[in-house]
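S.K.: Sharing a structure with you now.
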Amino acid sequence: MTYHIYKATVIGAGTMGAALAAHLANAGVEVTLLDIVPRELLPEEEKAGLTLNDPQVRNRIVRQGWERCLKARPANLMSSDLEARVRLGNLEDDFEEAASEADWILEAVVENLKIKRSLMERIDGVRKPTAIVSTNTSGIPIREIAAGRSEGFRQHFLGTHFFNPPRYLKLLEVIPGEETLPEVVEFISWFGEYRLGKGIVICKDTPNFIGNRLAFGTGAFALNYILENGYTVEEVDAITGPLIGRPKTATFRLIDLVGIDVWDHVGKNLAPAIPHDEHALKYLQAEKPNQLIAAMIERGWLGNKTKVGFYKPVRKDGKKEYWPLDLEKLEHVPPSKPRFESVGKAKDIEDLGERLKFLLAQDDKAAKLVQALTYQGFQYASVLIPEIADSPKPIDDAMRWGFMHQAGPFETWDMLGVAETVEAMKAAGFAPAEWVEDMLKSGKETFYQYENGSKVGVYDVSKKDYVRIARTPGLILLKEQKVISRNAGATLYDLGDGVGCVEFHTKMNALDDDIMNMMNEALDRAEKDEFVGLVIGNEAENFSAGANLFMVVMAAQQGMWDTLEEAVRKLQNLNMRMRYFPKPVVIATAGLALGGGCEVTMHASRVVAAAETYIGLVELGAGVIPAGGGTKEMVRRIVNPAMRTENANVLPFLQRAFLQIGQAKVATSAEEARQMAILGPADRIVMNRDHLLTEAKREVLHMVATGYAPPPPEKIYAAGRDMLGALKVGAWMFQKGNYITEYDLHIAKKLAYVMTGGDLSKPQWVDEQYILDLEREAFLSLCGEEKTQERMWALLRTGKPLRN
């Protein structure tokens with residue numbers, strides 16, 4: 001049977017249900033979002049003379065849920081335009097039509113078995129034979145939700161447990177029922193990976209599945225250990241964040257984010273479901289943590305949603321501070337900066353494994369917490385096998401993708417050395433499961449098999465041997481590719497099939513001379529027919545955060561103007577060479593692509609962008625204007641098309657481009673970047689970041705196969721001095737309204753001068769090089785100004801723009 005998902009129905013417009021509807025819209029699916037009909041009128045509805053039969057009343061609950069979803073930050077939709085894909089309705093008036101037409105019906109209602117079963121009975125009566133039905137339950141057994149339903153329903157029913165917010169968290173746990181058809185599991189896994197951008201973990205139908213089972217078992221231990229040993233909120237969060245390979249939310253910020261009531265609810269539901277799990281149960285039922293959580297809930301301190309939890313925002317001297325909770329007095333206290341000798345030394349160790357080895361060998365208060373959390377985490381992960389998984393891989397994937405850990409427990413254990421760590425665990429009272437020692441006795445020293453740094457096999461406890469790790473077909477990993485050339489800033493790889501790839505590897509992938517030299521070398525080799533086309537991309541978190549600002553400000557302060565001008569000219573020439581190169585050059589961008597990174601992207605033959613690309617021309621924050629061709633490109637992309645219409649008014653289009661650069665706007669997704677004309681209509685968006693290089697290579701080969709030719713040279717519409725005056729007046733009004741500083745106004749005038757072609761007496765079409773020269777002159781001029789240099793140093797020191 002062939003499956004597809006063109007239409008979906010999401011039932012439940014709470015935080016998760018509405019966010020799921022939004023993400024399905026992100027993926028191009030038409031969605032109907034349903035919720036219950038209100039049983040009573042609100043006072044304002046009564047005052048307006050409405051009744052329970054009025055449509056706006058009947059859809060009030062779903063509408064309110066959707067409105068909260070649209071206001072949430074970070075945004076659930078990748079573009080405001082995508083809202084048009086979502087239709088709202090209720091479970092009485094719209095259920096039958098929505099459920100009978102849907103290819104996928106996704107339930108996200110309250111965690112109540114009776115309610116879920118009742119809803120499934122209704123769905124069973126109207127769903128079409130090929131419709132897939134899934135529940136987003138975080139812990140209720142799948143078999144119990146499907147009990148009593150028809151055979152066809154049970155064959156097409158499974159759990160799809162997304163993590164919140166579903167747009168941003170990669171994990172999707174897929175939980176088949178006993179009768180779920182294999183092809184249904186295969187299809188929904190494919191759809192999740194390719195269309196929704198998820199990392200798929202197939203789970204057994206066990207309490208809380210994998211991610212939440214491990215997280216709450218270890219989390220309950222952590223909370224108990226913290227309270228028993230007198231750690232403060234700030235101490236814990238300083239130790240349990242990036243230092244040990246976890247997100248900045250660490251421990252208490254994470255609980256505030258999840259919601260203290262949600263934390264309590266999940267823990268209370270989990271405990272009775274795992275009477276056999278002695279390792280977790282004693283901590284889930286521990287007195288001190290439960291008393292603390294109950295006291296906070298009683299006070300209404302539920303975390304971020306109520307703005308009071310383990311942290312509380314406080315205004316002091318005009319600045320917002322986050323006051324941590326004193327865990328003994330239950331009072332929020334002024335922040336302090338806890339210091340530990342081991343932490344201070346460990347921060348300088350870049351490699352996670354080496355950093356943890358160092359911390360585990362220390363003896364101060366911070367090290368003791370790291371030891372306890374690490375060893376108990378390893379112990380608990382090991383005893384959950386084979387109950388929740390047969391091998392370490394699903395557990396590691398769940399913790400990386402669902403909780404943003406740098407490495408899962410078994411991956412980390414391999415880094416530390418399995419045998420050595422087992423002995424340390426035993427000494428600390430956290431002996432691992434027997435199968436770990438059996439594995440070691442059989443001569444297998446690691447949980448994974450490695451080839452050239454890549455994991456190729458994983459130990460399967462049921463088979464007592466390694467099994468091969470399945471790979472996504474065609475997946476490209478750069479460390480497995482042939483190196484053609486390398487320097488300090490970049491590497492040129494051969495991806496096969498005649499496609500080369502330039503990878504940046506400077507800090508934050510900041511553009512420098514080494515990167516530009518490698519890109520030019522790659523273009524030279526392609527001209528000599530070593531390659532049919534090129535990919536410019538990497539596997540780092542960010543494509544490129546822009547130019548090497550330190551190099552720029554140092555050159556400016558030392559008066560190295562010829563050097564600085566040559567560097568800017570080199571970037572301009574490189575970008576123009578790419579734009580008109582006879583073979584396809586595809587930029588594969590993801591994460592941050594700011595300033596110069598955005599300019600490089602805009603000069604590609606084609607862009608294949610990860611959906612989560614945050615791209616924009618942010619140079620004004622550093623006190624300069626885009627000078628690698630970015631200013632020219634925004635005029636070409638926004639102003640040029642409009643001015644090909646006779647008698648068109650240039651000002652609205654010029655203002656749009658001017659404000660976009662002048663306000664240093666950054667697209668919050670690749671879809672938004674298309675709206676901003678940073679990406680073009682032919683550029684592609686890839687939902688799964690892991691597939692980016694694979695799709696970029698495929699795009700090069702497609703362009704070659706279809707006879708790619710570069711665009712003809714294009715002139716730029718220079719609006720002249722009348723429009724220059726109009727832009728200056730607009731900027732002056734912004735300054736008088738205190739929206740921008742006097743120096744912002746000074747930079748804005750320089751930008752306006754470049755965008756309008758300078759002091760031209762009348763509008764005219766000019767060569768691209770004419771605008772590029774103006775860009776370069778303005779950039780160099782601004783670099784010589786003290787206030788620009790102050791802005792650059794502020795960015796380098798704090799990472800935040802200075803408004804001087």
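Going through the structure tokens in order, the chains are called A, B, and so on, while each chain numbers its residues from 1 and the ligands are numbered from 1 in the order shown.
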Tell me which protein, DNA and RNA residues are within 12 Å of Arg253 in chain A, counting only C-alpha atoms, leaving out same-chain ones fewer than 6 positions away, and put them as a list of chain:residue names.
M.R.: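 These residues fall inside the cut-off: A:Val233, A:Glu234, A:Val236, A:Asp237, A:Ala238, A:Thr240, A:Gly241, A:Arg246, A:Pro247, A:Gly259, A:Ile260, A:Leu302, A:Gly303, A:Asn304, A:Lys307, A:Val308, A:Gly309, A:Phe310, A:Tyr311, A:Lys312, A:Tyr322, A:Trp323, A:Pro324, A:Leu325.
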S.K.: From the set A:Asp103, A:Val586, A:Leu113, A:Ile740, which residue has the shortest atom-to-atom contact distance to Pro129 in chain A, counting only C-alpha atoms?
M.R.: A:Asp103
S.K.: If we count only C-alpha atoms, what is near His4 in chain A at a cut-off of 10 Å, once residues fewer than 3 positions away on the same chain are taken out, given as an MDAnalysis selection string?
M.R.: chainID A and resid 7 103:104 130:132 187:188 191
S.K.: Would you write out those residues with N, CA, C and O atoms, as a PDB file, in the first residue's frame?
M.R.:
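The result, stored in part25.pdb:
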```pdb
ATOM      1  N   LYS A   7      -2.851  16.048   3.537  1.00  0.00           N
ATOM      2  CA  LYS A   7      -3.712  16.716   4.514  1.00  0.00           C
ATOM      3  C   LYS A   7      -3.556  16.025   5.865  1.00  0.00           C
ATOM      4  O   LYS A   7      -3.500  14.794   5.933  1.00  0.00           O
ATOM      5  N   ASP A 103      -4.986  12.399   5.723  1.00  0.00           N
ATOM      6  CA  ASP A 103      -4.047  11.294   5.495  1.00  0.00           C
ATOM      7  C   ASP A 103      -3.354  10.905   6.797  1.00  0.00           C
ATOM      8  O   ASP A 103      -2.882   9.787   6.942  1.00  0.00           O
ATOM      9  N   TRP A 104      -3.256  11.883   7.716  1.00  0.00           N
ATOM     10  CA  TRP A 104      -2.646  11.633   9.026  1.00  0.00           C
ATOM     11  C   TRP A 104      -3.482  12.362  10.068  1.00  0.00           C
ATOM     12  O   TRP A 104      -3.720  13.568   9.961  1.00  0.00           O
ATOM     13  N   THR A 130      -6.672   4.212   4.395  1.00  0.00           N
ATOM     14  CA  THR A 130      -5.213   4.418   4.356  1.00  0.00           C
ATOM     15  C   THR A 130      -4.738   5.449   5.362  1.00  0.00           C
ATOM     16  O   THR A 130      -3.532   5.712   5.459  1.00  0.00           O
ATOM     17  N   ALA A 131      -5.652   6.060   6.097  1.00  0.00           N
ATOM     18  CA  ALA A 131      -5.256   7.129   7.025  1.00  0.00           C
ATOM     19  C   ALA A 131      -4.443   6.564   8.185  1.00  0.00           C
ATOM     20  O   ALA A 131      -4.809   5.563   8.794  1.00  0.00           O
ATOM     21  N   ILE A 132      -3.337   7.235   8.475  1.00  0.00           N
ATOM     22  CA  ILE A 132      -2.508   6.877   9.621  1.00  0.00           C
ATOM     23  C   ILE A 132      -2.991   7.688  10.816  1.00  0.00           C
ATOM     24  O   ILE A 132      -3.261   8.885  10.714  1.00  0.00           O
ATOM     25  N   PHE A 187       6.926   4.298   6.645  1.00  0.00           N
ATOM     26  CA  PHE A 187       6.524   5.538   5.994  1.00  0.00           C
ATOM     27  C   PHE A 187       6.574   6.718   6.958  1.00  0.00           C
ATOM     28  O   PHE A 187       7.088   7.791   6.623  1.00  0.00           O
ATOM     29  N   ILE A 188       6.015   6.558   8.150  1.00  0.00           N
ATOM     30  CA  ILE A 188       5.973   7.691   9.074  1.00  0.00           C
ATOM     31  C   ILE A 188       7.387   8.060   9.505  1.00  0.00           C
ATOM     32  O   ILE A 188       7.690   9.239   9.759  1.00  0.00           O
ATOM     33  N   PHE A 191       8.737  10.055   6.552  1.00  0.00           N
ATOM     34  CA  PHE A 191       8.115  11.371   6.532  1.00  0.00           C
ATOM     35  C   PHE A 191       8.700  12.254   7.640  1.00  0.00           C
ATOM     36  O   PHE A 191       8.991  13.433   7.436  1.00  0.00           O
TER      37      PHE A 191
END
```
S.K.: What is the CA of Val262 in chain A-CA of Met296 in chain A distance in Å, reported with one decimal?
M.R.: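 Spanning CA of Val262 in chain A to CA of Met296 in chain A is a straight-line distance of 12.3 Å.
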S.K.: Quick one: residues within 9 Å of Val458 in chain A, only C-alpha atoms, excluding same-chain residues fewer than 2 positions away - as a list in words?
M.R.: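 The filter keeps Ser391, Pro392, Lys393, Thr446, Phe447, Tyr448, Gln449, Lys455, Val456, Asp460, Asp465, Tyr466, Val467, Arg468 and Ile469 of chain A.
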S.K.: For the residues in that selection, give me N, CA, C and O atoms as a PDB file, in the first residue's frame.
M.R.:
```
ATOM      1  N   SER A 391      19.982  -1.882  22.261  1.00  0.00           N
ATOM      2  CA  SER A 391      21.356  -1.404  22.099  1.00  0.00           C
ATOM      3  C   SER A 391      21.450   0.029  22.606  1.00  0.00           C
ATOM      4  O   SER A 391      20.430   0.709  22.800  1.00  0.00           O
ATOM      5  N   PRO A 392      22.651   0.525  22.806  1.00  0.00           N
ATOM      6  CA  PRO A 392      22.825   1.902  23.277  1.00  0.00           C
ATOM      7  C   PRO A 392      22.378   2.983  22.293  1.00  0.00           C
ATOM      8  O   PRO A 392      22.044   4.095  22.707  1.00  0.00           O
ATOM      9  N   LYS A 393      22.354   2.693  20.998  1.00  0.00           N
ATOM     10  CA  LYS A 393      22.153   3.759  20.019  1.00  0.00           C
ATOM     11  C   LYS A 393      20.829   4.522  20.179  1.00  0.00           C
ATOM     12  O   LYS A 393      20.838   5.764  20.154  1.00  0.00           O
ATOM     13  N   THR A 446      34.373  -1.314  23.729  1.00  0.00           N
ATOM     14  CA  THR A 446      33.556  -0.107  23.541  1.00  0.00           C
ATOM     15  C   THR A 446      32.143  -0.507  23.160  1.00  0.00           C
ATOM     16  O   THR A 446      31.901  -1.615  22.665  1.00  0.00           O
ATOM     17  N   PHE A 447      31.200   0.411  23.376  1.00  0.00           N
ATOM     18  CA  PHE A 447      29.812   0.147  22.999  1.00  0.00           C
ATOM     19  C   PHE A 447      29.605   0.271  21.491  1.00  0.00           C
ATOM     20  O   PHE A 447      28.673  -0.311  20.944  1.00  0.00           O
ATOM     21  N   TYR A 448      30.477   1.033  20.857  1.00  0.00           N
ATOM     22  CA  TYR A 448      30.378   1.233  19.406  1.00  0.00           C
ATOM     23  C   TYR A 448      31.631   0.719  18.718  1.00  0.00           C
ATOM     24  O   TYR A 448      32.720   0.728  19.289  1.00  0.00           O
ATOM     25  N   GLN A 449      31.460   0.319  17.460  1.00  0.00           N
ATOM     26  CA  GLN A 449      32.590   0.047  16.581  1.00  0.00           C
ATOM     27  C   GLN A 449      32.853   1.299  15.758  1.00  0.00           C
ATOM     28  O   GLN A 449      31.913   1.970  15.313  1.00  0.00           O
ATOM     29  N   LYS A 455      31.012   6.051  13.721  1.00  0.00           N
ATOM     30  CA  LYS A 455      30.415   4.860  14.317  1.00  0.00           C
ATOM     31  C   LYS A 455      29.801   4.008  13.207  1.00  0.00           C
ATOM     32  O   LYS A 455      28.973   4.493  12.441  1.00  0.00           O
ATOM     33  N   VAL A 456      30.200   2.759  13.126  1.00  0.00           N
ATOM     34  CA  VAL A 456      29.682   1.864  12.081  1.00  0.00           C
ATOM     35  C   VAL A 456      28.927   0.677  12.660  1.00  0.00           C
ATOM     36  O   VAL A 456      28.169   0.009  11.975  1.00  0.00           O
ATOM     37  N   ASP A 460      24.739  -4.987  20.503  1.00  0.00           N
ATOM     38  CA  ASP A 460      23.346  -5.385  20.718  1.00  0.00           C
ATOM     39  C   ASP A 460      23.332  -6.420  21.842  1.00  0.00           C
ATOM     40  O   ASP A 460      23.924  -7.500  21.711  1.00  0.00           O
ATOM     41  N   ASP A 465      26.658  -9.141  20.511  1.00  0.00           N
ATOM     42  CA  ASP A 465      27.654  -8.846  19.473  1.00  0.00           C
ATOM     43  C   ASP A 465      27.327  -7.485  18.852  1.00  0.00           C
ATOM     44  O   ASP A 465      26.243  -6.921  19.072  1.00  0.00           O
ATOM     45  N   TYR A 466      28.265  -6.971  18.077  1.00  0.00           N
ATOM     46  CA  TYR A 466      28.014  -5.730  17.364  1.00  0.00           C
ATOM     47  C   TYR A 466      27.078  -5.963  16.179  1.00  0.00           C
ATOM     48  O   TYR A 466      27.154  -7.016  15.521  1.00  0.00           O
ATOM     49  N   VAL A 467      26.227  -5.005  15.917  1.00  0.00           N
ATOM     50  CA  VAL A 467      25.395  -5.025  14.709  1.00  0.00           C
ATOM     51  C   VAL A 467      25.695  -3.762  13.924  1.00  0.00           C
ATOM     52  O   VAL A 467      26.048  -2.721  14.484  1.00  0.00           O
ATOM     53  N   ARG A 468      25.560  -3.863  12.625  1.00  0.00           N
ATOM     54  CA  ARG A 468      25.873  -2.730  11.745  1.00  0.00           C
ATOM     55  C   ARG A 468      24.848  -1.613  11.954  1.00  0.00           C
ATOM     56  O   ARG A 468      23.643  -1.874  12.093  1.00  0.00           O
ATOM     57  N   ILE A 469      25.299  -0.370  11.976  1.00  0.00           N
ATOM     58  CA  ILE A 469      24.404   0.780  12.087  1.00  0.00           C
ATOM     59  C   ILE A 469      23.924   1.170  10.692  1.00  0.00           C
ATOM     60  O   ILE A 469      24.726   1.392   9.781  1.00  0.00           O
TER      61      ILE A 469
END
```
S.K.: Running DSSP on the backbone, which parts of range 306-504 of chain A land in helix (DSSP H, G or I), as a VMD selection string?
M.R.: chain A and resid 341 to 346 352 to 360 365 to 383 392 to 403 409 to 416 418 to 428 434 to 441 478 to 480
S.K.: Between CA of Phe378 in chain A and CA of Tyr450 in chain A, what distance in Å does the model show, to one decimal?
M.R.: 20.4 Å
S.K.: Just the residues within 7 Å of range 278-291 of chain A, please, counting only C-alpha atoms, with nothing from its chain fewer than 2 positions along; format it as a PyMOL selection string.
M.R.: chain A and resi 217+220-221+223-224+267+271+276+293-295+380
S.K.: Leaving out Arg73 in chain A and any residue of its chain fewer than 6 positions from it, which residues lie within 12 Å of it when counting only C-alpha atoms, given as an MDAnalysis selection string?
M.R.: chainID A and resid 19 165 167:168 668
S.K.: From a DSSP calculation on the backbone, collect every residue of range 428-659 of chain A in strand (DSSP E) and output the set as a ChimeraX atom specification.
M.R.: /A:448-451,454-460,465-468,482-486,490-496,499-504,533-537,585-594,606-616
S.K.: Neighbouring residues of Glu97 in chain A were defined as those with any atom within 10 Å, considering only C-alpha atoms; residues of the same chain fewer than 5 positions away were excluded. Please report them as an NGL selection string.
M.R.: :A and (32 or 102 or 126-127)
S.K.: Could the residues in this selection be written to a file with N, CA, C and O atoms, as a PDB file, in the first residue's frame?
M.R.:
```
ATOM      1  N   THR A  32      -5.744  20.838   9.504  1.00  0.00           N
ATOM      2  CA  THR A  32      -6.907  21.289  10.254  1.00  0.00           C
ATOM      3  C   THR A  32      -6.622  21.041  11.726  1.00  0.00           C
ATOM      4  O   THR A  32      -6.277  19.922  12.120  1.00  0.00           O
ATOM      5  N   ALA A 102      -8.413  13.365   6.144  1.00  0.00           N
ATOM      6  CA  ALA A 102      -6.996  13.444   6.522  1.00  0.00           C
ATOM      7  C   ALA A 102      -6.220  12.190   6.145  1.00  0.00           C
ATOM      8  O   ALA A 102      -6.716  11.069   6.268  1.00  0.00           O
ATOM      9  N   VAL A 126     -14.720   7.116  11.189  1.00  0.00           N
ATOM     10  CA  VAL A 126     -14.762   7.984  10.002  1.00  0.00           C
ATOM     11  C   VAL A 126     -13.484   7.985   9.170  1.00  0.00           C
ATOM     12  O   VAL A 126     -13.492   8.446   8.027  1.00  0.00           O
ATOM     13  N   ARG A 127     -12.379   7.476   9.714  1.00  0.00           N
ATOM     14  CA  ARG A 127     -11.108   7.553   8.987  1.00  0.00           C
ATOM     15  C   ARG A 127     -11.169   6.750   7.697  1.00  0.00           C
ATOM     16  O   ARG A 127     -11.862   5.725   7.608  1.00  0.00           O
TER      17      ARG A 127
END
```
S.K.: Sort by chain and increasing residue number a table of all residues of range 561-620 of chain A within 12 Å of range 688-711 of chain A, each with its closest pair of atoms and their distance in Å to one decimal, counting only C-alpha atoms, and write it as a tab-separated table.
M.R.:
```
residue	atom	partner	partner_atom	distance
A:Met576	CA	A:Pro710	CA	11.4
A:Arg577	CA	A:Pro710	CA	10.6
A:Met578	CA	A:Pro710	CA	9.4
A:Arg579	CA	A:Pro710	CA	7.3
A:Tyr580	CA	A:Pro710	CA	5.3
A:Phe581	CA	A:Pro710	CA	6.3
A:Pro582	CA	A:Pro710	CA	5.6
A:Lys583	CA	A:Tyr708	CA	7.0
A:Pro584	CA	A:Val700	CA	6.0
A:Val585	CA	A:Val700	CA	7.2
A:Val586	CA	A:Ala696	CA	6.4
A:Ile587	CA	A:Ala696	CA	7.4
A:Ala588	CA	A:Ala696	CA	6.1
A:Thr589	CA	A:Leu692	CA	8.1
A:Ala590	CA	A:Arg689	CA	7.3
A:Gly591	CA	A:Arg689	CA	9.3
A:His603	CA	A:Pro711	CA	11.3
A:Ala604	CA	A:Pro710	CA	10.2
A:Ser605	CA	A:Pro710	CA	7.3
A:Arg606	CA	A:Glu699	CA	8.3
A:Val607	CA	A:Ala696	CA	8.0
A:Val608	CA	A:Ala696	CA	5.7
A:Ala609	CA	A:Leu692	CA	7.3
A:Ala610	CA	A:Arg689	CA	5.5
A:Ala611	CA	A:Asn688	CA	7.5
A:Glu612	CA	A:Arg689	CA	8.0
A:Thr613	CA	A:Arg689	CA	9.7
```
S.K.: Using CA of Gly344 in chain A and CA of Ile226 in chain A as the two end points, give the distance in Å to one decimal.
M.R.: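 Going from CA of Gly344 in chain A over to CA of Ile226 in chain A covers 20.8 Å.
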S.K.: I need the residue nearest Phe504 in chain A from this list: A:Asn487, A:Asn538, A:Leu24, A:Ile678. Use only C-alpha atoms for the distance.
M.R.: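 Of A:Asn487, A:Asn538, A:Leu24, A:Ile678, the one nearest Phe504 in chain A, counting only C-alpha atoms, is A:Asn538.
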